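Trainee: Following this line is input-v4.cif, made up of mmCIF, C-alpha atoms:
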data_protein
loop_
_atom_site.label_atom_id
_atom_site.label_comp_id
_atom_site.auth_asym_id
_atom_site.auth_seq_id
_atom_site.Cartn_x
_atom_site.Cartn_y
_atom_site.Cartn_z
CA MET A 27 -47.41 10.42 141.51
CA LYS A 28 -47.95 13.08 138.88
CA ASN A 29 -46.97 10.68 136.10
CA LYS A 30 -49.37 8.06 137.43
CA GLY A 31 -52.13 10.66 137.49
CA CYS A 32 -51.40 11.73 133.93
CA LEU A 33 -51.30 8.10 132.83
CA SER A 34 -54.67 7.45 134.44
CA ALA A 35 -56.19 10.52 132.76
CA GLY A 36 -54.71 9.43 129.42
CA THR A 37 -56.03 5.91 129.85
CA ILE A 38 -59.47 7.23 130.73
CA GLY A 39 -59.36 9.51 127.67
CA ILE A 40 -58.45 6.62 125.37
CA ALA A 41 -61.14 4.43 126.93
CA LEU A 42 -63.72 7.19 126.37
CA LEU A 43 -62.60 7.58 122.75
CA ILE A 44 -62.96 3.83 122.22
CA ILE A 45 -66.44 3.85 123.78
CA VAL A 46 -67.51 6.83 121.67
CA GLY A 47 -66.10 5.13 118.57
CA VAL A 48 -67.95 1.89 119.31
CA ILE A 49 -71.21 3.77 119.89
CA PHE A 50 -70.71 5.79 116.71
CA PHE A 51 -70.08 2.76 114.49
CA TRP A 52 -72.89 0.78 116.13
CA GLY A 53 -75.25 3.73 115.62
CA LYS A 54 -74.15 4.29 112.03
CA ASN A 55 -74.46 0.62 111.08
CA GLY A 56 -77.76 0.27 112.92
CA TYR A 57 -79.21 3.38 111.30
CA ASN A 58 -78.11 2.28 107.82
CA ASN A 59 -79.62 -1.15 108.46
CA PHE A 60 -82.94 0.45 109.45
CA VAL A 61 -82.91 2.58 106.30
CA SER A 62 -82.20 -0.45 104.11
CA LYS A 63 -85.00 -2.51 105.64
CA GLU A 64 -87.45 0.40 105.53
CA GLN A 65 -86.65 0.96 101.85
CA ASN A 66 -87.36 -2.72 101.25
CA VAL A 67 -90.78 -2.32 102.90
CA ASN A 68 -91.47 0.79 100.78
CA SER A 69 -90.46 -1.10 97.64
CA LYS A 70 -92.84 -3.95 98.46
CA TRP A 71 -95.61 -1.41 99.13
CA SER A 72 -94.95 0.15 95.72
CA ASN A 73 -95.41 -3.30 94.14
CA ILE A 74 -98.75 -3.66 95.91
CA GLU A 75 -99.92 -0.27 94.63
CA THR A 76 -98.87 -1.29 91.12
CA VAL A 77 -100.92 -4.50 91.05
CA TYR A 78 -103.96 -2.82 92.57
CA GLN A 79 -103.67 -0.06 89.96
CA LYS A 80 -103.47 -2.70 87.21
CA ARG A 81 -106.72 -4.16 88.52
CA ALA A 82 -108.35 -0.72 88.58
CA ASN A 83 -107.19 -0.14 85.00
CA LEU A 84 -109.15 -3.20 83.85
CA ILE A 85 -112.47 -1.71 84.94
CA PRO A 86 -113.01 0.77 82.05
CA ASN A 87 -112.64 -2.04 79.47
CA LEU A 88 -114.96 -4.25 81.52
CA GLU A 89 -117.45 -1.38 81.74
CA ASN A 90 -117.41 -0.88 77.95
CA THR A 91 -117.82 -4.60 77.32
CA VAL A 92 -120.73 -4.96 79.74
CA LYS A 93 -122.44 -1.78 78.52
CA SER A 94 -122.69 -3.26 75.04
CA TYR A 95 -125.21 -5.76 76.46
CA SER A 96 -128.16 -3.44 76.92
CA LYS A 97 -130.15 -5.80 79.15
CA PHE A 98 -127.36 -6.16 81.68
CA GLU A 99 -128.14 -4.97 85.22
CA GLN A 100 -126.88 -1.38 85.28
CA GLU A 101 -126.92 -1.11 89.07
CA THR A 102 -124.37 -3.93 89.44
CA LEU A 103 -122.02 -2.25 86.99
CA THR A 104 -122.48 1.16 88.64
CA LYS A 105 -121.41 -0.29 92.00
CA VAL A 106 -118.19 -1.60 90.43
CA VAL A 107 -117.40 1.80 88.91
CA GLU A 108 -118.13 3.58 92.21
CA ALA A 109 -116.00 1.11 94.18
CA ARG A 110 -113.15 1.60 91.70
CA SER A 111 -113.35 5.37 92.14
CA LYS A 112 -113.21 5.02 95.93
CA ALA A 113 -110.33 2.52 95.85
CA THR A 114 -108.18 4.65 93.55
CA SER A 115 -108.78 7.83 95.58
CA ILE A 116 -106.91 6.50 98.63
CA ASN A 117 -103.22 7.39 98.61
CA ILE A 118 -100.89 6.24 101.36
CA ASP A 119 -97.39 7.40 102.21
CA PRO A 120 -95.57 4.18 103.20
CA THR A 121 -93.04 6.12 105.30
CA ASN A 122 -95.81 7.27 107.69
CA MET A 123 -98.36 4.52 107.22
CA THR A 124 -100.47 3.57 110.24
CA GLU A 125 -102.71 0.57 110.90
CA ALA A 126 -105.73 2.84 110.35
CA ASP A 127 -104.37 3.94 106.95
CA LEU A 128 -103.80 0.37 105.83
CA ALA A 129 -107.20 -0.74 107.15
CA LYS A 130 -108.90 2.03 105.15
CA PHE A 131 -106.95 1.06 102.02
CA GLN A 132 -107.79 -2.61 102.49
CA ALA A 133 -111.47 -1.88 103.10
CA ALA A 134 -111.75 0.13 99.87
CA GLN A 135 -109.95 -2.56 97.86
CA GLY A 136 -112.14 -5.21 99.50
CA GLU A 137 -115.23 -3.26 98.49
CA LEU A 138 -114.04 -3.28 94.88
CA SER A 139 -113.32 -7.02 95.07
CA GLY A 140 -116.84 -7.62 96.38
CA ALA A 141 -118.44 -5.48 93.67
CA LEU A 142 -116.47 -7.30 90.97
CA SER A 143 -117.43 -10.69 92.40
CA ARG A 144 -121.12 -9.74 92.38
CA LEU A 145 -120.87 -8.45 88.81
CA MET A 146 -119.18 -11.65 87.63
CA ALA A 147 -121.82 -13.75 89.37
CA VAL A 148 -124.50 -11.83 87.44
CA VAL A 149 -122.60 -12.37 84.16
CA GLU A 150 -123.26 -16.11 84.59
CA SER A 151 -126.86 -15.37 83.57
CA TYR A 152 -125.70 -13.80 80.28
CA PRO A 153 -124.20 -16.58 78.11
CA ASN A 154 -123.38 -14.22 75.22
CA LEU A 155 -121.53 -11.81 77.50
CA LYS A 156 -119.78 -14.67 79.24
CA ALA A 157 -118.55 -15.90 75.84
CA ASP A 158 -117.51 -12.42 74.64
CA GLN A 159 -113.79 -12.39 73.80
CA GLN A 160 -113.20 -9.08 75.59
CA TYR A 161 -114.83 -10.47 78.72
CA ILE A 162 -112.75 -13.65 78.46
CA ASN A 163 -109.61 -11.49 78.19
CA PHE A 164 -110.73 -9.58 81.28
CA GLN A 165 -111.20 -12.85 83.18
CA ARG A 166 -107.70 -13.99 82.27
CA GLU A 167 -106.06 -10.71 83.28
CA TYR A 168 -108.15 -10.35 86.42
CA THR A 169 -107.24 -13.83 87.65
CA ALA A 170 -103.52 -13.16 87.07
CA ILE A 171 -103.72 -9.82 88.89
CA GLU A 172 -105.58 -11.31 91.88
CA ASN A 173 -102.84 -13.92 92.19
CA SER A 174 -100.23 -11.14 92.03
CA ILE A 175 -102.05 -9.19 94.75
CA ARG A 176 -101.96 -12.18 97.08
CA THR A 177 -98.27 -12.75 96.35
CA GLU A 178 -97.25 -9.10 96.78
CA THR A 179 -99.11 -8.71 100.08
CA VAL A 180 -97.24 -11.75 101.44
CA TYR A 181 -93.93 -10.22 100.31
CA TYR A 182 -94.88 -6.91 101.93
CA ASN A 183 -95.82 -8.59 105.22
CA ASP A 184 -92.53 -10.52 105.24
CA ALA A 185 -90.55 -7.29 104.69
CA ALA A 186 -92.58 -5.45 107.36
CA LYS A 187 -92.02 -8.30 109.83
CA ASP A 188 -88.26 -8.25 109.21
CA TYR A 189 -88.13 -4.45 109.61
CA ASN A 190 -90.35 -4.43 112.73
CA THR A 191 -88.34 -7.19 114.38
CA THR A 192 -85.11 -5.30 113.69
CA ILE A 193 -86.25 -1.99 115.17
CA LYS A 194 -87.95 -3.60 118.20
CA THR A 195 -85.04 -5.82 119.23
CA PHE A 196 -82.79 -4.55 122.03
CA PRO A 197 -80.61 -2.48 121.76
CA ASN A 198 -81.87 -1.50 118.29
CA ASN A 199 -85.11 -0.24 119.83
CA ILE A 200 -83.19 2.50 121.65
CA LEU A 201 -81.67 3.75 118.39
CA ALA A 202 -84.98 3.35 116.52
CA ASN A 203 -86.84 5.46 119.10
CA PHE A 204 -84.11 8.09 119.04
CA THR A 205 -84.09 8.26 115.23
CA ASN A 206 -87.89 8.03 114.86
CA PHE A 207 -88.14 4.73 112.96
CA LYS A 208 -91.69 3.48 113.49
CA GLU A 209 -93.33 0.09 113.22
CA LYS A 210 -95.02 -0.79 109.91
CA PRO A 211 -98.57 -2.21 109.82
CA PHE A 212 -99.43 -5.58 108.28
CA PHE A 213 -102.03 -6.60 105.74
CA LYS A 214 -104.65 -8.60 107.58
CA ALA A 215 -106.45 -11.54 106.01
CA GLU A 216 -110.07 -10.82 105.19
CA ALA A 217 -112.80 -13.08 106.52
CA GLY A 218 -112.93 -16.22 104.38
CA ALA A 219 -109.56 -15.48 102.82
CA GLU A 220 -108.37 -18.95 103.77
CA LYS A 221 -110.64 -20.31 101.00
CA ALA A 222 -109.68 -19.75 97.38
CA PRO A 223 -112.25 -17.48 95.69
CA GLU A 224 -114.43 -19.13 93.07
CA VAL A 225 -114.63 -16.11 90.78
CA PHE A 226 -115.07 -17.90 87.48
CA LYS A 227 -116.77 -21.16 86.68
#
Can I see the file as structure tokens?

Mentor:
Amino acid sequence: MKNKGCLSAGTIGIALLIIVGVIFFWGKNGYNNFVSKEQNVNSKWSNIETVYQKRANLIPNLENTVKSYSKFEQETLTKVVEARSKATSINIDPTNMTEADLAKFQAAQGELSGALSRLMAVVESYPNLKADQQYINFQREYTAIENSIRTETVYYNDAAKDYNTTIKTFPNNILANFTNFKEKPFFKAEAGAEKAPEVFK
């Protein structure tokens, strides 16, 4: 009877070791997978910041070009410069980003987009400015950057969706809650975004 008891205790001990081992390797692999997917989201966010910064960097050259046309509406240009300042002042940590953070970032960038669109609509009334080589260069770069922004936000949303799905799926959600991995917010389409913008004619 003693031997049977010892054998049972040994079997239970081995079974417990196996269970602990399985949990450990599942936890390790799950955690590493979360880290990998979160880093992918952070990388995509970094790409978004880069293209938005490139757009902001175009504004000083645009400002100098427009200023050379003394009759140009100063108020329109001032609104672009102010919107640029506001957009570049918002810094977001992608590791702790909330929906409110992203909404604030998007709103500021949208304000700059609107100010630029209004300025470029006004430029239509200034044939000489419209034909200025520096302005033409700005148009070319701006169009390329806007296309990049749309592309990078799609890539970010795809990465965020993959990450969110991973951490919310059972039993990953248990590990995610325990290790403090949080859901990432998505870029939301602005009103009218389904139509391609007619920025330049």

Trainee: When you count only C-alpha atoms, which of these residues is closest to Ile193 in chain A: A:Ile85, A:Leu43, A:Asn58, A:Phe51?

Mentor: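 Of all the options, A:Asn58 lies closest to Ile193 in chain A.
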
Trainee: Need the axis-aligned box for range 131-146 of chain A with 5 Å each side, so what are the centre and edges in Å to one decimal, as AutoDock Vina command-line options?

Mentor:
--center_x -114.0 --center_y -5.3 --center_z 95.4 --size_x 24.2 --size_y 22.7 --size_z 25.5

Trainee: Quick one: residues within 12 Å of (-95.5, -10.3, 99.0) (file frame), counting only C-alpha atoms, please, as a list in words.

Mentor: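 Neighbouring residues, ordered by chain and number, come to Asn66, Val67, Asn68, Ser69, Lys70, Trp71, Ser72, Asn73, Ile74, Glu75, Val77, Asn173, Ser174, Ile175, Arg176, Thr177, Glu178, Thr179, Val180, Tyr181, Tyr182, Asn183, Asp184, Ala185, Ala186, Lys187, Phe212 and Phe213 of chain A.
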
Trainee: Each residue of range 69-116 of chain A with at least one atom at most 9 Å from range 123-143 of chain A should appear once, together with its nearest atom pair and the corresponding distance in Å (one decimal); atoms considered: only C-alpha atoms; ordering: chain, then increasing residue number; output as a Markdown table.

Mentor:
| residue | atom | partner | partner_atom | distance |
| --- | --- | --- | --- | --- |
| A:Tyr78 | CA | A:Gln135 | CA | 8.0 |
| A:Ala82 | CA | A:Leu138 | CA | 8.9 |
| A:Thr102 | CA | A:Ala141 | CA | 7.4 |
| A:Leu103 | CA | A:Ala141 | CA | 8.2 |
| A:Lys105 | CA | A:Ala141 | CA | 6.2 |
| A:Val106 | CA | A:Ala141 | CA | 5.1 |
| A:Val107 | CA | A:Leu138 | CA | 8.5 |
| A:Glu108 | CA | A:Leu138 | CA | 8.4 |
| A:Ala109 | CA | A:Leu138 | CA | 4.9 |
| A:Arg110 | CA | A:Leu138 | CA | 5.9 |
| A:Lys112 | CA | A:Ala134 | CA | 6.4 |
| A:Ala113 | CA | A:Ala134 | CA | 4.9 |
| A:Thr114 | CA | A:Ala134 | CA | 8.6 |
| A:Ile116 | CA | A:Phe131 | CA | 6.4 |

Trainee: Could you pull the residues within 10 Å of Leu84 in chain A, counting only C-alpha atoms, minus those fewer than 5 positions along the same chain, as a list of chain:residue names?

Mentor: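 The residues that qualify are A:Gln79, A:Glu89, A:Phe164, A:Gln165, A:Glu167, A:Tyr168, A:Ile171.
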
Trainee: One number please: CA of Ile200 in chain A to CA of Asn59 in chain A, in Å, one decimal.

Mentor: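 CA of Ile200 in chain A sits 14.1 Å away from CA of Asn59 in chain A.
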
Trainee: For Ser94 in chain A, which of A:Leu145, A:Glu150, A:Asp158, A:Thr205 is the closest residue, counting all atoms listed in the file?

Mentor: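 Once distances to Ser94 in chain A are computed over all atoms listed in the file, the minimum belongs to A:Asp158.
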
Trainee: Could you check the closest approach to Arg81 in chain A for each of A:Asn55, A:Asn117, A:Gln159, A:Thr169 and tell me which residue wins, using all atoms listed in the file?

Mentor: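 The answer is A:Thr169, which sits nearest to Arg81 in chain A.
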
Trainee: Considering all atoms listed in the file, can you say which of A:Val92, A:Tyr57, A:Pro86, A:Lys97 comes closest to Asn199 in chain A?

Mentor: A:Tyr57

Trainee: What does the structure give for the distance between CA of Ile49 in chain A and CA of Asn206 in chain A, in Å to one decimal?

Mentor: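 So the answer is 17.9 Å.
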
Trainee: For Leu88 in chain A, which of A:Ser115, A:Gln65, A:Thr195, A:Gln160 is the closest residue, counting all atoms listed in the file?

Mentor: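 Closest to Leu88 in chain A, using all atoms listed in the file: A:Gln160.
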
Trainee: For CA of Thr191 in chain A and CA of Glu209 in chain A, determine how far apart the two atoms are, in Å to one decimal place.

Mentor: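 Separating CA of Thr191 in chain A from CA of Glu209 in chain A is a distance of 8.9 Å.
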
Trainee: Which residue out of A:Thr121, A:Asn198, A:Asn163, A:Asn154 has the minimum interatomic distance to Trp52 in chain A when all atoms listed in the file are used?

Mentor: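 Of A:Thr121, A:Asn198, A:Asn163, A:Asn154, the one nearest Trp52 in chain A, counting all atoms listed in the file, is A:Asn198.
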
Trainee: Extract, using all atoms listed in the file, all DNA, RNA and protein residues at most 10 Å from Asn122 in chain A, discarding same-chain residues fewer than 6 positions from it, and format them as a PyMOL selection string.

Mentor: chain A and resi 207-210

Trainee: List every protein, DNA or RNA residue that has at least one atom no more than 10 Å from (-121.1, -10.9, 81.4) in the file's coordinates, counting all atoms listed in the file, and write the result as number ranges by chain.

Mentor: A: 88, 91-93, 95, 98-99, 145-158, 160-162
